[in-house]
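Below: model20.txt (compact mmCIF, C-alpha atoms)
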# COMPACT_ATOMS: atom_id res chain seq x y z
CA MET H 7 0.00 0.00 0.00
CA LYS H 8 1.32 3.42 -0.96
CA ILE H 9 0.22 6.50 0.96
CA ILE H 10 1.23 9.96 -0.28
CA SER H 11 0.99 13.26 1.58
CA TRP H 12 1.26 16.61 -0.22
CA ASN H 13 0.61 20.21 0.75
CA VAL H 14 -0.66 21.40 -2.63
CA ASN H 15 -0.99 25.10 -1.67
CA GLY H 16 -4.35 25.22 -3.44
CA LEU H 17 -6.05 22.12 -4.85
CA ARG H 18 -7.72 24.02 -7.68
CA ALA H 19 -4.46 25.81 -8.48
CA VAL H 20 -2.43 22.61 -8.84
CA HIS H 21 -5.22 21.16 -10.97
CA ARG H 22 -5.26 24.26 -13.23
CA LYS H 23 -1.55 23.66 -13.83
CA ASP H 24 -2.54 20.15 -15.02
CA LEU H 25 -0.32 18.60 -12.38
CA LEU H 26 -2.68 16.75 -10.04
CA LEU H 27 -4.29 14.08 -12.23
CA PRO H 28 -1.04 13.25 -14.09
CA PHE H 29 0.66 12.90 -10.70
CA ILE H 30 -2.01 10.47 -9.50
CA LYS H 31 -1.82 8.53 -12.76
CA LYS H 32 1.96 8.22 -12.47
CA GLU H 33 2.29 7.46 -8.76
CA LYS H 34 -0.91 5.40 -8.35
CA PRO H 35 -1.29 6.04 -4.61
CA ASP H 36 -3.70 3.85 -2.71
CA ILE H 37 -4.32 6.86 -0.47
CA LEU H 38 -3.48 10.49 -1.23
CA CYS H 39 -3.62 13.02 1.62
CA LEU H 40 -3.65 16.70 0.66
CA GLN H 41 -3.23 19.77 2.82
CA GLU H 42 -3.88 23.48 2.24
CA THR H 43 -6.55 22.66 -0.32
CA LYS H 44 -8.06 26.16 0.01
CA ALA H 45 -11.45 25.09 -1.31
CA GLU H 46 -14.84 23.78 -0.33
CA GLU H 47 -15.94 20.54 -1.93
CA VAL H 48 -18.69 22.34 -3.85
CA GLN H 49 -16.03 24.56 -5.48
CA LEU H 50 -14.08 21.65 -6.93
CA PRO H 51 -14.40 20.74 -10.60
CA GLU H 52 -16.09 17.39 -11.12
CA GLU H 53 -12.94 15.76 -12.49
CA ILE H 54 -11.12 16.21 -9.18
CA LYS H 55 -14.11 15.96 -6.87
CA ASN H 56 -14.85 12.47 -8.13
CA ILE H 57 -11.68 10.84 -9.44
CA PRO H 58 -12.44 7.40 -10.94
CA GLY H 59 -11.31 4.59 -8.65
CA TYR H 60 -11.12 6.81 -5.55
CA PHE H 61 -13.39 7.85 -2.72
CA GLY H 62 -12.91 11.56 -1.96
CA TYR H 63 -13.29 13.26 1.42
CA PHE H 64 -12.76 16.95 2.16
CA SER H 65 -12.76 19.41 5.07
CA HIS H 66 -12.62 23.18 4.59
CA SER H 67 -12.31 26.33 6.66
CA LYS H 68 -15.74 27.36 7.92
CA GLY H 69 -15.01 31.05 8.47
CA ARG H 70 -12.43 32.08 5.89
CA LYS H 71 -12.67 31.41 2.16
CA GLY H 72 -9.67 30.05 0.31
CA TYR H 73 -7.82 29.14 3.51
CA SER H 74 -6.49 25.94 5.03
CA GLY H 75 -8.43 22.74 4.26
CA VAL H 76 -7.52 19.08 3.80
CA GLY H 77 -8.61 16.30 1.48
CA ILE H 78 -8.13 12.56 1.06
CA TYR H 79 -8.51 10.36 -2.00
CA THR H 80 -8.54 6.65 -1.18
CA LYS H 81 -9.01 3.48 -3.21
CA ILE H 82 -9.94 1.66 0.00
CA ALA H 83 -13.28 2.53 1.57
CA PRO H 84 -12.79 3.55 5.20
CA GLU H 85 -14.84 1.95 7.95
CA LYS H 86 -15.38 5.35 9.58
CA ILE H 87 -14.70 9.01 8.73
CA GLU H 88 -14.23 11.86 11.21
CA GLU H 89 -13.63 15.55 10.68
CA GLY H 90 -11.68 17.42 13.35
CA MET H 91 -11.02 16.80 17.02
CA GLY H 92 -14.32 18.01 18.42
CA ILE H 93 -12.81 21.38 19.38
CA LYS H 94 -14.55 24.19 17.52
CA LYS H 95 -11.69 26.71 17.35
CA PHE H 96 -9.52 24.11 15.61
CA ASP H 97 -12.18 22.28 13.64
CA ASP H 98 -13.53 25.49 12.09
CA GLU H 99 -10.28 25.87 10.14
CA GLY H 100 -10.67 22.48 8.41
CA ARG H 101 -7.31 21.07 9.42
CA LEU H 102 -8.00 17.39 10.11
CA LEU H 103 -9.58 14.35 8.48
CA ILE H 104 -9.50 10.97 10.21
CA LEU H 105 -10.13 7.75 8.31
CA HIS H 106 -10.50 4.47 10.16
CA PHE H 107 -9.33 1.44 8.21
CA LYS H 108 -9.26 -2.20 9.27
CA ASN H 109 -5.62 -2.22 10.40
CA PHE H 110 -4.90 1.41 11.26
CA VAL H 111 -6.29 4.90 11.70
CA LEU H 112 -4.99 7.53 9.27
CA LEU H 113 -5.01 11.18 10.28
CA ASN H 114 -4.37 13.77 7.58
CA VAL H 115 -3.48 17.01 9.35
CA TYR H 116 -2.50 20.53 8.39
CA PHE H 117 -0.95 22.07 11.48
CA PRO H 118 -1.21 25.85 11.89
CA ASN H 119 1.70 27.92 10.64
CA GLY H 120 1.93 30.04 13.79
CA GLY H 121 3.07 33.19 12.02
CA GLY H 122 1.42 36.58 11.76
CA GLU H 123 -0.36 37.89 14.84
CA PRO H 124 1.18 36.85 18.18
CA HIS H 125 -1.83 34.79 19.27
CA ARG H 126 -1.33 32.45 16.30
CA LEU H 127 1.80 30.93 17.82
CA LYS H 128 -0.17 30.04 20.96
CA TYR H 129 -2.92 28.66 18.72
CA LYS H 130 -0.32 26.47 17.01
CA LEU H 131 1.17 25.19 20.26
CA ASP H 132 -2.30 24.51 21.63
CA PHE H 133 -3.11 22.56 18.46
CA TYR H 134 -0.01 20.38 18.97
CA GLU H 135 -1.16 19.65 22.53
CA GLU H 136 -4.74 18.81 21.65
CA PHE H 137 -3.75 16.70 18.67
CA LEU H 138 -1.44 14.63 20.87
CA LYS H 139 -4.26 14.11 23.35
CA HIS H 140 -6.53 13.05 20.50
CA ILE H 141 -4.21 10.41 19.05
CA GLU H 142 -3.43 9.14 22.54
CA LYS H 143 -7.16 8.51 23.04
CA LEU H 144 -7.21 6.53 19.81
CA LYS H 145 -4.15 4.56 20.89
CA LYS H 146 -5.83 3.61 24.16
CA LYS H 147 -8.57 2.00 22.05
CA ASN H 148 -5.85 -0.29 20.63
CA LYS H 149 -5.71 1.61 17.35
CA GLU H 150 -2.57 1.65 15.21
CA ILE H 151 -1.86 5.27 14.26
CA ILE H 152 -0.46 6.86 11.13
CA PHE H 153 -0.58 10.64 10.88
CA CYS H 154 0.80 12.71 8.06
CA GLY H 155 0.81 16.18 6.67
CA ASP H 156 2.33 19.61 6.93
CA VAL H 157 3.47 19.78 10.56
CA ASN H 158 4.93 23.26 9.97
CA VAL H 159 8.10 22.77 11.99
CA ALA H 160 11.59 21.54 11.18
CA HIS H 161 12.55 19.22 14.02
CA GLU H 162 16.34 19.30 14.10
CA ALA H 163 19.19 21.29 12.53
CA ILE H 164 19.57 18.54 9.93
CA ASP H 165 16.01 19.29 8.77
CA ILE H 166 16.67 22.88 7.70
CA ALA H 167 19.24 24.31 5.31
CA ARG H 168 20.20 27.27 7.48
CA PRO H 169 19.51 26.45 11.12
CA LYS H 170 21.60 29.22 12.66
CA GLU H 171 19.94 31.95 10.62
CA ASN H 172 16.46 30.62 11.44
CA GLU H 173 16.75 29.80 15.14
CA ASN H 174 14.39 32.66 16.03
CA GLN H 175 11.96 32.06 13.17
CA ILE H 176 8.48 30.55 13.37
CA GLY H 177 8.78 26.94 12.31
CA PHE H 178 12.12 26.39 14.05
CA LEU H 179 11.49 27.81 17.52
CA PRO H 180 12.56 25.65 20.48
CA GLU H 181 9.00 25.47 21.81
CA GLU H 182 7.73 24.21 18.45
CA ARG H 183 10.50 21.66 18.02
CA ALA H 184 9.89 20.42 21.55
CA TRP H 185 6.45 19.22 20.46
CA ILE H 186 8.05 16.89 17.91
CA ASP H 187 10.18 15.56 20.77
CA GLU H 188 6.96 15.04 22.70
CA TYR H 189 5.29 13.05 19.92
CA ILE H 190 8.37 10.86 19.60
CA ALA H 191 8.49 10.37 23.37
CA HIS H 192 4.91 9.06 23.17
CA GLY H 193 5.97 6.40 20.69
CA TYR H 194 5.22 8.02 17.32
CA ILE H 195 8.08 7.47 14.90
CA ASP H 196 9.27 10.06 12.37
CA ILE H 197 9.37 7.61 9.48
CA PHE H 198 11.74 9.54 7.24
CA ARG H 199 14.33 9.89 9.99
CA TYR H 200 13.87 6.26 11.03
CA PHE H 201 14.93 5.14 7.57
CA ASN H 202 17.36 8.02 6.92
CA PRO H 203 18.88 9.02 10.26
CA GLU H 204 21.84 10.93 8.81
CA LYS H 205 20.49 12.10 5.44
CA GLN H 206 21.16 15.78 4.81
CA ASN H 207 19.71 18.25 2.30
CA ALA H 208 16.36 16.43 2.37
CA TYR H 209 13.63 19.06 2.41
CA THR H 210 9.92 19.29 1.60
CA TRP H 211 9.31 23.06 1.53
CA TRP H 212 11.12 25.95 -0.13
CA ASP H 213 10.40 29.68 -0.13
CA MET H 214 9.00 30.60 -3.52
CA LYS H 215 9.78 34.32 -3.35
CA THR H 216 13.52 33.75 -3.14
CA ARG H 217 13.52 30.80 -5.58
CA ALA H 218 15.03 28.76 -2.77
CA ARG H 219 14.08 25.49 -4.44
CA ASP H 220 16.55 26.14 -7.25
CA ARG H 221 19.32 26.14 -4.63
CA ASN H 222 17.70 23.52 -2.36
CA VAL H 223 17.61 25.96 0.55
CA GLY H 224 14.68 24.30 2.24
CA TRP H 225 12.98 22.95 5.32
CA ARG H 226 11.67 19.46 6.08
CA ILE H 227 8.28 20.25 7.58
CA ASP H 228 6.10 17.51 6.06
CA TYR H 229 6.07 14.18 7.86
CA PHE H 230 4.73 10.70 8.27
CA PHE H 231 4.54 9.54 11.87
CA ALA H 232 3.45 6.03 12.84
CA SER H 233 2.97 3.90 15.92
CA ARG H 234 6.14 1.94 16.72
CA SER H 235 4.19 -1.29 16.39
CA LEU H 236 3.60 -0.52 12.70
CA LEU H 237 7.30 -0.32 11.85
CA LYS H 238 7.45 -4.00 10.90
CA LYS H 239 4.91 -3.29 8.13
CA ILE H 240 6.53 -0.10 6.78
CA THR H 241 8.84 -0.90 3.90
CA GLY H 242 9.94 2.55 2.80
CA THR H 243 9.47 6.28 2.47
CA LYS H 244 10.51 8.90 -0.07
CA ILE H 245 10.60 12.65 -0.57
CA LEU H 246 9.47 13.36 -4.14
CA SER H 247 11.44 16.58 -4.48
CA ASP H 248 11.21 16.59 -8.27
CA VAL H 249 7.40 16.97 -8.21
CA LEU H 250 6.43 20.58 -8.91
CA GLY H 251 3.18 22.50 -8.51
CA SER H 252 3.46 23.76 -4.93
CA ASP H 253 6.01 25.25 -2.56
CA HIS H 254 5.92 21.81 -0.89
CA CYS H 255 6.71 18.47 -2.49
CA PRO H 256 4.96 15.15 -1.84
CA ILE H 257 6.22 12.48 0.55
CA THR H 258 5.44 8.77 0.44
CA LEU H 259 4.99 5.88 2.85
CA THR H 260 4.83 2.24 1.72
CA LEU H 261 3.22 -0.50 3.80
CA SER H 262 3.37 -4.24 3.22
CA ASP H 263 0.03 -6.06 2.90
Since I need it in another form, could you write the structure as structure tokens?
Amino acid sequence: MKIISWNVNGLRAVHRKDLLLPFIKKEKPDILCLQETKAEEVQLPEEIKNIPGYFGYFSHSKGRKGYSGVGIYTKIAPEKIEEGMGIKKFDDEGRLLILHFKNFVLLNVYFPNGGGEPHRLKYKLDFYEEFLKHIEKLKKKNKEIIFCGDVNVAHEAIDIARPKENENQIGFLPEERAWIDEYIAHGYIDIFRYFNPEKQNAYTWWDMKTRARDRNVGWRIDYFFASRSLLKKITGTKILSDVLGSDHCPITLTLSD
């Protein structure tokens, strides 16, 4: 089974560039998780709302048009679908879809950026805390957990091209990075680092204004995390840095049957 996660920075935009459907045709994901879709389901063209061979599920921002949002295309029908954590201030931004499958629960999440007005950093840190509580509740029900998406933080110096210059920047603050430590301490494995503990220059986001992608001056802020007990079924992961269409690139996770 191949699962792909991609912050598309506008689902309609990446489709207008004729990059979404060819990507799906080439990669043939069993499940495709998208973040920052920036659209309501009713705004999507039919050809991407209902892709042949896939079930499509979407969550959008309830108060701000063209903002946030997540979507999932899956060949496998889920047993249960949930939207959000049951906390209005987070759920209203359309940041989380949860699909329950037979052998695991998949959470597609778009964590807040934390930039802009000062209260947004607190909002982001609160989101980290509540999301951890939420997946811990699922784990106590003997659920195997996979969560993926744009986590909006580079964990360690190896995950960012210029750590020294960015040590006081949103996305690399000690209090943000500490939350990744916390997830790992609770038994959720950063799959890319598990398979590639020393790999450098591996990034998933680049600043478009400075054409940073051309020089690979990037940040690794998109992740797959999984319960430790699932490691025996995970056969690989990749960063598809050659895939264009967004300021982020897709990442993959492969599971054995």
In Å, rounded to a single decimal, give me how far atom CA of Asn207 of chain H is from atom CA of Ile166 of chain H. 7.7 Å
Kindly give the distance, in Å, that separates atom CA of Asn13 of chain H and atom CA of Glu150 of chain H, rounded to a single decimal. 23.7 Å
Can you tell me which residues surround segment 62-76 of chain H at a distance of at most 6 Å, considering all atoms listed in the file, apart from same-chain residues fewer than 3 positions away, and format the answer as a ChimeraX atom specification? /H:40-46,79,98-101
Select, from H:Ile78, H:Ile164, H:Leu50, H:Ile37, the residue with the minimum atom-to-atom distance to Arg22 of chain H, counting only C-alpha atoms. H:Leu50
Using all atoms listed in the file, determine which residues lie at most 9 Å from segment 221-231 of chain H, disregarding the query and same-chain residues fewer than 2 positions distant; provide the list as a PyMOL selection string. chain H and resi 11-13+151-161+164-168+177+189-190+194-198+207-213+217-219+233+243+254-259
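The nearest approach to Asn114 of chain H among the residues H:Pro58, H:Pro180, H:Gly90, H:Pro51, with all atoms listed in the file taken into account, belongs to H:Gly90.
Atom pair atom CA of Phe137 of chain H / atom CA of Leu237 of chain H has a distance of 21.4 Å (rounded to one decimal).
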Using only C-alpha atoms, which of H:Lys55, H:His140, H:Lys108, H:Lys149 sits nearest Asp263 of chain H? H:Lys108
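When only C-alpha atoms are used to measure the gap to Lys8 of chain H, the shortest distance among H:Ile141, H:Lys81, H:Pro169, H:Glu123 belongs to H:Lys81.
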For Lys139 of chain H, please output as an MDAnalysis selection string all residues within 12 Å (counting all atoms listed in the file; exclusion window: fewer than 5 positions along the same chain). chainID H and resid 91:93 132:134 144:146 188:189 192
Calculate, to one decimal in Å, the centre and edge lengths of the box along x, y and z of the file that holds all listed atoms of segment 48-61 of chain H with 4 Å of margin on each side, and present them as AutoDock Vina command-line options.
--center_x -14.9 --center_y 14.6 --center_z -7.6 --size_x 15.6 --size_y 28.0 --size_z 17.8
Which one is closest to Glu136 of chain H: H:Ala184, H:Phe96, H:Glu47, H:Lys244? Count only C-alpha atoms. H:Phe96
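For the choices H:Leu246, H:Trp185, H:Asp253, H:Glu52, the atom-to-atom distance to Thr216 of chain H is smallest for H:Asp253 when using all atoms listed in the file.
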